[in-house]
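**Student:** Sharing run_6.pdb below, PDB, C-alpha atoms:
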MODEL        1
ATOM      1  CA  MET A 123      -3.706   6.642 -26.548
ATOM      2  CA  THR A 124      -0.816   4.517 -25.283
ATOM      3  CA  SER A 125       1.799   7.270 -25.502
ATOM      4  CA  SER A 126      -0.328  10.237 -24.468
ATOM      5  CA  LYS A 127       1.217  12.394 -21.747
ATOM      6  CA  THR A 128      -1.279  15.243 -21.727
ATOM      7  CA  ILE A 129      -4.538  13.665 -20.519
ATOM      8  CA  ASN A 130      -5.454  14.653 -16.973
ATOM      9  CA  ALA A 131      -6.816  12.212 -14.400
ATOM     10  CA  ALA A 132      -9.907  14.414 -14.152
ATOM     11  CA  GLU A 133     -11.018  12.876 -17.463
ATOM     12  CA  SER A 134     -11.912   9.755 -15.500
ATOM     13  CA  GLY A 135     -14.578  11.568 -13.481
ATOM     14  CA  SER A 136     -14.607  11.855  -9.711
ATOM     15  CA  TRP A 137     -15.978  10.188  -6.586
ATOM     16  CA  LYS A 138     -16.412  11.451  -3.034
ATOM     17  CA  LEU A 139     -14.917   9.088  -0.480
ATOM     18  CA  GLY A 140     -17.021   9.302   2.644
ATOM     19  CA  GLY A 141     -18.972  12.122   1.053
ATOM     20  CA  ASP A 142     -16.223  14.672   1.670
ATOM     21  CA  LEU A 143     -12.955  13.600  -0.006
ATOM     22  CA  GLU A 144     -13.426  14.210  -3.724
ATOM     23  CA  ILE A 145     -10.906  12.328  -5.841
ATOM     24  CA  ASN A 146     -10.422  11.554  -9.504
ATOM     25  CA  ARG A 147     -11.348   7.963 -10.293
ATOM     26  CA  ILE A 148      -7.882   7.125 -11.615
ATOM     27  CA  GLY A 149      -5.393   7.128  -8.775
ATOM     28  CA  PHE A 150      -1.957   5.646  -8.193
ATOM     29  CA  GLY A 151      -0.896   2.491  -6.362
ATOM     30  CA  ALA A 152       2.519   2.609  -4.692
ATOM     31  CA  MET A 153       3.157  -1.147  -4.364
ATOM     32  CA  ARG A 154       5.492  -1.359  -7.362
ATOM     33  CA  LEU A 155       7.299   1.908  -6.626
ATOM     34  CA  THR A 156      10.056   0.599  -4.377
ATOM     35  CA  GLN A 157      11.786  -2.059  -6.470
ATOM     36  CA  GLN A 158      12.240  -3.496  -9.918
ATOM     37  CA  GLY A 159      10.534  -6.730 -10.871
ATOM     38  CA  LYS A 160       8.161  -8.698  -8.680
ATOM     39  CA  ALA A 161       6.806  -6.856  -5.657
ATOM     40  CA  PHE A 162       7.972  -8.112  -2.249
ATOM     41  CA  ALA A 163      10.745 -10.266  -3.718
ATOM     42  CA  ALA A 164      13.599 -10.342  -1.188
ATOM     43  CA  ASP A 165      16.289 -10.320  -3.875
ATOM     44  CA  ALA A 166      14.769  -7.591  -6.093
ATOM     45  CA  ALA A 167      16.849  -4.556  -6.977
ATOM     46  CA  PRO A 168      15.687  -1.340  -5.272
ATOM     47  CA  SER A 169      14.138   1.230  -7.546
ATOM     48  CA  ASP A 170      15.999   4.368  -8.520
ATOM     49  CA  ARG A 171      15.065   6.953  -5.889
ATOM     50  CA  ASP A 172      15.063   9.966  -8.204
ATOM     51  CA  ARG A 173      12.962   8.149 -10.791
ATOM     52  CA  ALA A 174      10.423   7.022  -8.180
ATOM     53  CA  ILE A 175      10.142  10.539  -6.799
ATOM     54  CA  GLY A 176       9.748  11.848 -10.338
ATOM     55  CA  VAL A 177       6.897   9.407 -11.023
ATOM     56  CA  LEU A 178       5.038  10.521  -7.903
ATOM     57  CA  ARG A 179       5.426  14.200  -8.751
ATOM     58  CA  ARG A 180       4.382  13.573 -12.348
ATOM     59  CA  ALA A 181       1.296  11.706 -11.138
ATOM     60  CA  VAL A 182       0.171  14.767  -9.191
ATOM     61  CA  GLU A 183       0.926  16.992 -12.206
ATOM     62  CA  LEU A 184      -1.366  14.731 -14.247
ATOM     63  CA  GLY A 185      -4.225  15.259 -11.811
ATOM     64  CA  VAL A 186      -3.856  12.151  -9.675
ATOM     65  CA  ASN A 187      -5.134  13.040  -6.205
ATOM     66  CA  HIS A 188      -5.576   9.559  -4.708
ATOM     67  CA  ILE A 189      -2.493   7.535  -3.752
ATOM     68  CA  ASP A 190      -2.742   4.043  -2.294
ATOM     69  CA  THR A 191       0.127   2.866  -0.103
ATOM     70  CA  ALA A 192       1.095   0.833   2.982
ATOM     71  CA  ALA A 193       3.942   0.703   5.487
ATOM     72  CA  PHE A 194       4.655  -2.859   4.323
ATOM     73  CA  TYR A 195       5.402  -1.597   0.798
ATOM     74  CA  PHE A 196       9.171  -1.560   1.059
ATOM     75  CA  SER A 197      12.256  -3.165  -0.419
ATOM     76  CA  PRO A 198      15.933  -2.953   0.517
ATOM     77  CA  LEU A 199      16.712   0.795   0.716
ATOM     78  CA  ARG A 200      13.225   1.950  -0.352
ATOM     79  CA  SER A 201       9.940   2.622   1.473
ATOM     80  CA  ALA A 202       6.855   3.673  -0.478
ATOM     81  CA  ASN A 203       5.595   5.882   2.346
ATOM     82  CA  GLU A 204       8.894   7.672   2.729
ATOM     83  CA  LEU A 205       9.186   8.156  -1.035
ATOM     84  CA  ILE A 206       5.702   9.705  -1.012
ATOM     85  CA  ASN A 207       6.716  11.957   1.868
ATOM     86  CA  GLN A 208       9.925  13.082   0.174
ATOM     87  CA  ALA A 209       8.267  13.620  -3.204
ATOM     88  CA  LEU A 210       5.077  15.368  -2.191
ATOM     89  CA  ALA A 211       5.343  16.950   1.285
ATOM     90  CA  PRO A 212       4.151  19.510   2.072
ATOM     91  CA  TYR A 213       1.151  17.759   0.552
ATOM     92  CA  PRO A 214      -1.011  19.651  -1.923
ATOM     93  CA  ASP A 215      -4.574  20.477  -0.929
ATOM     94  CA  GLY A 216      -6.990  17.782  -2.020
ATOM     95  CA  LEU A 217      -4.466  14.931  -2.123
ATOM     96  CA  VAL A 218      -5.909  11.827  -0.481
ATOM     97  CA  ILE A 219      -3.520   9.150   0.774
ATOM     98  CA  THR A 220      -5.034   5.747   1.534
ATOM     99  CA  THR A 221      -3.024   3.193   3.475
ATOM    100  CA  LYS A 222      -3.514  -0.370   4.724
ATOM    101  CA  VAL A 223      -2.888  -2.086   8.034
ATOM    102  CA  GLY A 224      -3.142  -5.683   9.164
ATOM    103  CA  PRO A 225      -0.175  -7.378   7.488
ATOM    104  CA  GLY A 226       3.358  -6.562   8.543
ATOM    105  CA  ARG A 227       6.907  -7.420   7.498
ATOM    106  CA  ASP A 228      10.075  -7.569   9.573
ATOM    107  CA  PRO A 229      13.155  -5.548   8.512
ATOM    108  CA  SER A 230      14.350  -8.435   6.320
ATOM    109  CA  GLY A 231      11.055  -8.341   4.415
ATOM    110  CA  ALA A 232       9.625 -11.574   5.832
ATOM    111  CA  TRP A 233       5.890 -11.534   6.476
ATOM    112  CA  LEU A 234       4.739 -11.419  10.090
ATOM    113  CA  PRO A 235       1.488 -12.772  11.546
ATOM    114  CA  HIS A 236      -1.378 -10.371  11.003
ATOM    115  CA  ALA A 237      -1.653  -7.624  13.577
ATOM    116  CA  THR A 238      -3.801  -8.120  16.628
ATOM    117  CA  PRO A 239      -6.290  -5.397  17.574
ATOM    118  CA  GLU A 240      -3.707  -4.097  20.053
ATOM    119  CA  GLN A 241      -0.967  -3.977  17.398
ATOM    120  CA  LEU A 242      -3.019  -2.021  14.882
ATOM    121  CA  ARG A 243      -2.426   1.283  16.678
ATOM    122  CA  GLY A 244       1.325   0.788  16.256
ATOM    123  CA  GLN A 245       0.839   0.175  12.532
ATOM    124  CA  VAL A 246      -1.296   3.298  12.201
ATOM    125  CA  GLU A 247       1.338   5.339  14.056
ATOM    126  CA  GLU A 248       4.091   3.942  11.817
ATOM    127  CA  ASN A 249       2.166   5.102   8.728
ATOM    128  CA  LEU A 250       1.718   8.527  10.322
ATOM    129  CA  ARG A 251       5.446   8.782  11.049
ATOM    130  CA  GLN A 252       6.586   7.661   7.604
ATOM    131  CA  LEU A 253       4.130   9.901   5.781
ATOM    132  CA  GLY A 254       4.720  12.884   8.073
ATOM    133  CA  ARG A 255       1.018  13.304   8.828
ATOM    134  CA  ASP A 256      -0.926  13.962  12.017
ATOM    135  CA  HIS A 257      -3.877  11.945  10.723
ATOM    136  CA  LEU A 258      -4.497   9.442   7.923
ATOM    137  CA  ASP A 259      -7.136  10.168   5.276
ATOM    138  CA  VAL A 260      -8.247   6.551   4.793
ATOM    139  CA  VAL A 261      -7.072   3.352   6.487
ATOM    140  CA  ASN A 262      -8.079  -0.009   5.046
ATOM    141  CA  LEU A 263      -8.096  -3.110   7.219
ATOM    142  CA  ARG A 264      -6.414  -5.750   5.067
ATOM    143  CA  ILE A 265      -7.814  -9.243   5.629
ATOM    144  CA  VAL A 266      -6.483 -12.742   5.081
ATOM    145  CA  GLY A 267      -8.978 -15.510   5.722
ATOM    146  CA  THR A 268     -12.690 -15.702   6.389
ATOM    147  CA  GLY A 269     -12.940 -15.198  10.155
ATOM    148  CA  SER A 270     -14.609 -12.365  12.015
ATOM    149  CA  ILE A 271     -13.056  -8.912  11.677
ATOM    150  CA  ALA A 272     -15.119  -7.259  14.409
ATOM    151  CA  GLU A 273     -12.342  -6.869  16.997
ATOM    152  CA  ARG A 274      -9.782  -5.554  14.532
ATOM    153  CA  PHE A 275     -12.173  -3.212  12.754
ATOM    154  CA  GLY A 276     -13.475  -2.034  16.111
ATOM    155  CA  ALA A 277      -9.912  -1.144  17.128
ATOM    156  CA  LEU A 278      -9.571   1.015  14.009
ATOM    157  CA  ALA A 279     -12.949   2.601  14.695
ATOM    158  CA  GLU A 280     -11.603   3.691  18.082
ATOM    159  CA  LEU A 281      -8.591   5.304  16.395
ATOM    160  CA  ARG A 282     -10.976   7.041  14.023
ATOM    161  CA  ASP A 283     -12.923   8.404  17.000
ATOM    162  CA  ALA A 284      -9.603   9.578  18.481
ATOM    163  CA  GLY A 285      -8.858  11.619  15.353
ATOM    164  CA  LEU A 286      -5.921   9.579  14.017
ATOM    165  CA  ILE A 287      -7.975   8.336  11.044
ATOM    166  CA  ARG A 288     -10.536  10.199   8.982
ATOM    167  CA  HIS A 289     -12.193   7.303   7.147
ATOM    168  CA  LEU A 290     -12.103   3.497   7.226
ATOM    169  CA  GLY A 291     -12.109   0.902   4.470
ATOM    170  CA  LEU A 292     -11.572  -2.811   3.884
ATOM    171  CA  SER A 293      -9.193  -4.806   1.691
ATOM    172  CA  ASN A 294      -9.368  -8.382   0.389
ATOM    173  CA  VAL A 295     -12.713  -9.123   2.012
ATOM    174  CA  ARG A 296     -15.841 -11.211   1.558
ATOM    175  CA  PRO A 297     -19.384  -9.745   1.471
ATOM    176  CA  GLU A 298     -20.048 -10.749   5.082
ATOM    177  CA  HIS A 299     -17.024  -8.719   6.194
ATOM    178  CA  LEU A 300     -18.579  -5.575   4.741
ATOM    179  CA  ASP A 301     -21.797  -6.240   6.662
ATOM    180  CA  GLU A 302     -19.834  -6.882   9.855
ATOM    181  CA  ALA A 303     -17.755  -3.714   9.505
ATOM    182  CA  GLN A 304     -20.672  -1.446   8.624
ATOM    183  CA  ALA A 305     -22.418  -2.506  11.818
ATOM    184  CA  ILE A 306     -19.438  -1.010  13.705
ATOM    185  CA  ALA A 307     -18.481   2.131  11.743
ATOM    186  CA  PRO A 308     -18.905   3.663   8.268
ATOM    187  CA  VAL A 309     -16.920   2.037   5.447
ATOM    188  CA  VAL A 310     -15.907   4.293   2.546
ATOM    189  CA  CYS A 311     -14.144   1.786   0.279
ATOM    190  CA  VAL A 312     -13.539  -1.896  -0.436
ATOM    191  CA  GLN A 313     -10.331  -3.001  -2.169
ATOM    192  CA  ASN A 314     -10.457  -6.449  -3.735
ATOM    193  CA  PRO A 315      -8.692  -8.272  -6.555
ATOM    194  CA  TYR A 316     -10.878  -7.766  -9.608
ATOM    195  CA  GLY A 317     -10.573  -7.398 -13.359
ATOM    196  CA  ILE A 318     -11.595  -8.985 -16.637
ATOM    197  CA  GLY A 319     -11.876 -12.681 -15.813
ATOM    198  CA  VAL A 320     -10.681 -12.136 -12.231
ATOM    199  CA  ARG A 321     -13.236 -12.818  -9.489
ATOM    200  CA  PRO A 322     -16.499 -12.652 -11.459
ATOM    201  CA  ASP A 323     -17.999 -14.042  -8.239
ATOM    202  CA  HIS A 324     -17.411 -10.574  -6.761
ATOM    203  CA  ASP A 325     -19.695  -8.826  -9.252
ATOM    204  CA  GLU A 326     -22.446  -8.876  -6.623
ATOM    205  CA  LEU A 327     -20.151  -7.338  -3.997
ATOM    206  CA  LEU A 328     -19.229  -4.605  -6.467
ATOM    207  CA  ARG A 329     -22.925  -3.864  -7.014
ATOM    208  CA  THR A 330     -23.632  -3.932  -3.273
ATOM    209  CA  CYS A 331     -20.899  -1.371  -2.695
ATOM    210  CA  GLY A 332     -22.470   0.919  -5.275
ATOM    211  CA  GLU A 333     -25.900   0.608  -3.684
ATOM    212  CA  ARG A 334     -24.416   1.517  -0.280
ATOM    213  CA  GLY A 335     -22.320   4.439  -1.517
ATOM    214  CA  VAL A 336     -19.068   2.563  -0.898
ATOM    215  CA  ALA A 337     -16.223   2.901  -3.411
ATOM    216  CA  PHE A 338     -15.019  -0.354  -4.968
ATOM    217  CA  VAL A 339     -11.288  -0.273  -5.690
ATOM    218  CA  PRO A 340      -9.957  -3.183  -7.783
ATOM    219  CA  PHE A 341      -6.342  -4.228  -7.449
ATOM    220  CA  TYR A 342      -4.522  -6.437  -9.961
ATOM    221  CA  ALA A 343      -6.974  -5.057 -12.546
ATOM    222  CA  ILE A 344      -4.169  -4.920 -15.123
ATOM    223  CA  ALA A 345      -1.913  -7.688 -13.887
ATOM    224  CA  ALA A 346      -4.801 -10.161 -13.557
ATOM    225  CA  ALA A 347      -3.256 -13.569 -12.858
ATOM    226  CA  GLY A 348       0.210 -11.979 -12.874
ATOM    227  CA  ARG A 349      -0.523 -10.401  -9.467
ATOM    228  CA  GLU A 350       2.638  -9.070  -7.785
ATOM    229  CA  ALA A 351       4.731 -10.069 -10.805
ATOM    230  CA  GLY A 352       2.821  -7.723 -13.096
ATOM    231  CA  SER A 353       1.002  -8.360 -16.344
ATOM    232  CA  ARG A 354       1.235 -11.831 -17.813
ATOM    233  CA  GLY A 355       2.128 -10.384 -21.199
ATOM    234  CA  THR A 356      -0.584 -12.426 -22.906
ATOM    235  CA  ASP A 357      -4.141 -11.362 -23.613
ATOM    236  CA  SER A 358      -7.178 -12.885 -25.237
ATOM    237  CA  ASP A 359      -8.096 -12.166 -28.827
ATOM    238  CA  GLU A 360     -11.096 -10.181 -27.593
ATOM    239  CA  VAL A 361      -8.999  -7.795 -25.507
ATOM    240  CA  LEU A 362      -6.446  -7.436 -28.288
ATOM    241  CA  ALA A 363      -9.158  -6.602 -30.846
ATOM    242  CA  VAL A 364     -10.659  -3.876 -28.643
ATOM    243  CA  ALA A 365      -7.173  -2.493 -27.991
ATOM    244  CA  ARG A 366      -6.441  -2.275 -31.722
ATOM    245  CA  ALA A 367      -9.725  -0.474 -32.347
ATOM    246  CA  HIS A 368      -8.734   2.245 -29.883
ATOM    247  CA  GLY A 369      -5.020   2.380 -30.639
ATOM    248  CA  ALA A 370      -4.548   1.376 -27.028
ATOM    249  CA  SER A 371      -2.678  -1.298 -25.113
ATOM    250  CA  PRO A 372      -4.423  -4.347 -23.628
ATOM    251  CA  ALA A 373      -3.539  -3.003 -20.178
ATOM    252  CA  GLN A 374      -5.409   0.206 -20.945
ATOM    253  CA  ILE A 375      -8.470  -1.747 -22.081
ATOM    254  CA  ARG A 376      -8.459  -3.811 -18.876
ATOM    255  CA  LEU A 377      -8.260  -0.664 -16.809
ATOM    256  CA  ALA A 378     -10.968   1.103 -18.820
ATOM    257  CA  TRP A 379     -13.260  -1.890 -18.386
ATOM    258  CA  THR A 380     -13.063  -1.658 -14.597
ATOM    259  CA  LEU A 381     -14.042   2.016 -14.682
ATOM    260  CA  CYS A 382     -17.115   1.065 -16.716
ATOM    261  CA  ARG A 383     -18.363  -1.189 -13.899
ATOM    262  CA  GLY A 384     -19.904   1.767 -12.094
ATOM    263  CA  PRO A 385     -19.290   5.386 -11.080
ATOM    264  CA  HIS A 386     -18.169   4.165  -7.643
ATOM    265  CA  VAL A 387     -15.341   2.048  -9.095
ATOM    266  CA  LEU A 388     -11.891   3.597  -8.659
ATOM    267  CA  ALA A 389      -8.577   2.570 -10.233
ATOM    268  CA  ILE A 390      -5.181   2.466  -8.520
ATOM    269  CA  PRO A 391      -2.745   1.178 -11.175
ATOM    270  CA  GLY A 392       0.838   1.267  -9.988
ATOM    271  CA  THR A 393       4.105   1.674 -11.833
ATOM    272  CA  GLY A 394       7.617   2.991 -11.450
ATOM    273  CA  ASN A 395       7.719   3.926 -15.150
ATOM    274  CA  PRO A 396       6.716   7.482 -16.146
ATOM    275  CA  ASP A 397       5.521   6.360 -19.585
ATOM    276  CA  HIS A 398       3.301   3.678 -18.080
ATOM    277  CA  LEU A 399       1.988   6.266 -15.622
ATOM    278  CA  ALA A 400       0.908   8.568 -18.449
ATOM    279  CA  ALA A 401      -0.715   5.655 -20.290
ATOM    280  CA  ASN A 402      -2.645   4.663 -17.176
ATOM    281  CA  VAL A 403      -3.910   8.197 -16.595
ATOM    282  CA  ALA A 404      -4.901   8.464 -20.273
ATOM    283  CA  VAL A 405      -7.398   5.634 -19.764
ATOM    284  CA  GLY A 406      -9.727   8.189 -18.188
ATOM    285  CA  ALA A 407     -10.455   9.523 -21.679
ATOM    286  CA  LEU A 408     -11.011   6.082 -23.247
ATOM    287  CA  ARG A 409     -14.659   5.274 -23.970
ATOM    288  CA  LEU A 410     -15.677   1.681 -24.726
ATOM    289  CA  SER A 411     -18.749   1.043 -26.876
ATOM    290  CA  GLU A 412     -21.718  -1.028 -25.744
ATOM    291  CA  ASP A 413     -20.711  -3.774 -28.182
ATOM    292  CA  GLU A 414     -17.161  -3.808 -26.845
ATOM    293  CA  LEU A 415     -18.397  -3.949 -23.277
ATOM    294  CA  ALA A 416     -20.643  -6.885 -24.163
ATOM    295  CA  VAL A 417     -17.698  -8.795 -25.645
ATOM    296  CA  LEU A 418     -15.543  -8.086 -22.617
ATOM    297  CA  GLU A 419     -18.370  -9.013 -20.246
ATOM    298  CA  SER A 420     -18.672 -12.409 -21.898
ATOM    299  CA  LEU A 421     -14.926 -12.873 -21.508
ATOM    300  CA  HIS A 422     -15.137 -11.849 -17.843
ATOM    301  CA  GLN A 423     -17.906 -14.300 -17.074
ATOM    302  CA  ARG A 424     -15.879 -17.113 -18.633
ATOM    303  CA  GLY A 425     -13.071 -16.273 -16.215
ATOM    304  CA  ALA A 426     -10.694 -15.696 -19.111
TER     305      ALA A 426
ENDMDL
END
Any chance you could give the structure as structure tokens?
**Tutor:**
Amino acid sequence: MTSSKTINAAESGSWKLGGDLEINRIGFGAMRLTQQGKAFAADAAPSDRDRAIGVLRRAVELGVNHIDTAAFYFSPLRSANELINQALAPYPDGLVITTKVGPGRDPSGAWLPHATPEQLRGQVEENLRQLGRDHLDVVNLRIVGTGSIAERFGALAELRDAGLIRHLGLSNVRPEHLDEAQAIAPVVCVQNPYGIGVRPDHDELLRTCGERGVAFVPFYAIAAAGREAGSRGTDSDEVLAVARAHGASPAQIRLAWTLCRGPHVLAIPGTGNPDHLAANVAVGALRLSEDELAVLESLHQRGA
């Protein structure tokens, strides 16, 4: 399982974002594509351009048709959006590119205050320019904090009405944010940190999304507490035992578990390593037993 390079992302099943964009449930996250080591680290070495481009092209060859990115995914010399553009344009039919707006970084990489409603159009236009598109498939409003999102989401809804955006989503939100946004415009996806032992308090939000036909897209599903730095390199005995039973890695088991949370749950694991890419895509063919899921559920509820 770990070394397989022949399994297609279609093995994971598919989901229709917004009812019209059909994608395989295993996608690709571009956050880790631009540099080696911890994401967003100012002193990190830029990734090798040819290798990054090769990973993106290989992902599409393996059936990945959902790529998650953002204009603020960049490192010295590398921009995820521009790598995607160089690797994949002219874009194949059926490829869905999801991006995020809200946060921003200055040219040195330092984080800026979150965009105002007026600034969001500039962020959308920057994503369009970098990706070489005349519209964006999906734009997620990325949130920090618990305050109202009505003005910012309303600004994106206006850009959707203007034809610059096809569908809208949310990232890093609380349940009340979903209610607030849906009162303004349709929401096709929610991206939140989630995985085995990570945010069990968001189980209800995950279920709510399923009931409303909204995709739930976990990030840090593999890294867990490692977050931008990647996997912690340590796993519980329960995860290790399930991994051994399947001849899989613990990372693959964590990813497979998220896909078992519901048909509306999508995966966007990211990597700059072609072997890791193939292993992530191979998870679509991994089937966990009811007993294994029960063990992992207990672990999740303990926050382990």
**Student:** With the PyMOL selection byres ((chain A and resi 362) around 12) as the selection, what would be picked from this file? Answer as a ChimeraX atom specification, please.
**Tutor:** /A:355-361,363-376,414,417-418
**Student:** Name every residue that the PyMOL selection byres ((chain A and resi 206) around 10) selects in this structure, writing the answer as a ChimeraX atom specification with chains first and numbers rising.
**Tutor:** /A:152,155,174-175,178-179,189,191,201-205,207-211,213,219,252-254
**Student:** Export, as a short mmCIF file (atom, residue, chain, number, x, y, z; two decimals), in the coordinates of the input, the selected residues with C-alpha atoms.
**Tutor:**
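Written file, again_29.cif:
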data_model
loop_
_atom_site.label_atom_id
_atom_site.label_comp_id
_atom_site.auth_asym_id
_atom_site.auth_seq_id
_atom_site.Cartn_x
_atom_site.Cartn_y
_atom_site.Cartn_z
CA ALA A 152 2.52 2.61 -4.69
CA LEU A 155 7.30 1.91 -6.63
CA ALA A 174 10.42 7.02 -8.18
CA ILE A 175 10.14 10.54 -6.80
CA LEU A 178 5.04 10.52 -7.90
CA ARG A 179 5.43 14.20 -8.75
CA ILE A 189 -2.49 7.54 -3.75
CA THR A 191 0.13 2.87 -0.10
CA SER A 201 9.94 2.62 1.47
CA ALA A 202 6.86 3.67 -0.48
CA ASN A 203 5.60 5.88 2.35
CA GLU A 204 8.89 7.67 2.73
CA LEU A 205 9.19 8.16 -1.03
CA ASN A 207 6.72 11.96 1.87
CA GLN A 208 9.93 13.08 0.17
CA ALA A 209 8.27 13.62 -3.20
CA LEU A 210 5.08 15.37 -2.19
CA ALA A 211 5.34 16.95 1.28
CA TYR A 213 1.15 17.76 0.55
CA ILE A 219 -3.52 9.15 0.77
CA GLN A 252 6.59 7.66 7.60
CA LEU A 253 4.13 9.90 5.78
CA GLY A 254 4.72 12.88 8.07
#
**Student:** Find the residues near A:Thr220: any atom within 9 Å, counting all atoms listed in the file, skip ones fewer than 4 places away on the same chain, and give them as a list in words.
**Tutor:**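 Close residues of A:Thr220: His188, Ile189, Asp190, Thr191, Ala192, Leu258, Asp259, Val260, Val261 and Asn262 of chain A.
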**Student:** Care to translate the PyMOL selection byres ((chain A and resi 294) around 7) into actual residues of this file, as a list in words?
**Tutor:**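 The output of the PyMOL selection byres ((chain A and resi 294) around 7) on this file is Arg264, Ile265, Leu292, Ser293, Val295, Gln313, Asn314 and Pro315 of chain A.
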**Student:** When you look at A:Glu273 with a cut-off of 12 Å (counting only C-alpha atoms), what residues show up, excluding the ones that are within fewer than 6 positions of it in the same chain? I need them as a VMD selection string.
**Tutor:** chain A and resid 237 to 242 263 279 to 280 299 302 to 303 306
**Student:** Grab the atom CA of A:His398 to atom CA of A:Gly185 distance for me, in Å with one decimal place.
**Tutor:**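 Calculated distance between atom CA of A:His398 and atom CA of A:Gly185 is 15.2 Å.
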**Student:** For A:Arg424, which of A:Leu250, A:Ile318, A:Ala161, A:Val336 is the closest residue, counting all atoms listed in the file?
**Tutor:**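 Smallest distance to A:Arg424 is found for A:Ile318.
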**Student:** Using all atoms listed in the file, find the one residue out of A:Val405, A:Ile145, A:Ala232, A:Leu184 that sits nearest to A:Phe162.
**Tutor:**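 Of A:Val405, A:Ile145, A:Ala232, A:Leu184, the one nearest A:Phe162 is A:Ala232, counting all atoms listed in the file.
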**Student:** Taking only C-alpha atoms into account, name the residue in A:Gly244, A:Pro168, A:Pro214, A:Pro340 that is nearest to A:Asp325.
**Tutor:**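 Using only C-alpha atoms, the shortest distance to A:Asp325 belongs to A:Pro340.
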**Student:** Give me, as a PyMOL selection string, all polymer residues having an atom no more than 6 Å from A:Phe150, counting all atoms listed in the file and skipping those fewer than 3 positions away in the same chain.
**Tutor:** chain A and resi 189+390-392
**Student:** Taking the point (-9.1, 10.2, -14.1) as given in the file, collect each protein or nucleic acid residue that comes within 12 Å of it, counting all atoms listed in the file, and present the set as a ChimeraX atom specification.
**Tutor:** /A:129-137,144-150,181-182,184-188,377-378,381,385,387-391,399-408
**Student:** First collect every listed atom of stretch 389-405 of chain A; then fit an axis-aligned box around them, widen it by 8 Å on each side, and give centre and edge lengths in Å to one decimal, as JSON.
**Tutor:**
{"center_x": -0.4, "center_y": 4.9, "center_z": -14.4, "size_x": 32.3, "size_y": 23.4, "size_z": 27.8}
**Student:** Identify, on the basis of all atoms listed in the file, every residue whose closest approach to A:Ala416 does not exceed 12 Å; exclude the query and any residue fewer than 4 positions from it along the same chain; express the result as an MDAnalysis selection string.
**Tutor:** chainID A and resid 318 360:361 364 379 382:383 410:412 420:423
**Student:** So which residues fall inside 8 Å of (5.8, -0.2, -10.8) if we count only C-alpha atoms? Mind giving them as a count of residues only?
**Tutor:** 11
**Student:** Interatomic distance between atom CA of A:Pro308 and atom CA of A:Leu327?
**Tutor:**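 Interatomic distance here is 16.5 Å.
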**Student:** Rounded to one decimal in Å, what is the spacing between atom CA of A:Gln304 and atom CA of A:Leu278?
**Tutor:**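 Calculated distance between atom CA of A:Gln304 and atom CA of A:Leu278 is 12.6 Å.
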**Student:** Of the residues A:Thr330, A:Ser197, A:Thr268, A:Thr380, which is the one nearest to A:Asp228, using only C-alpha atoms?
**Tutor:**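 Ranked by minimum distance to A:Asp228, first place goes to A:Ser197.
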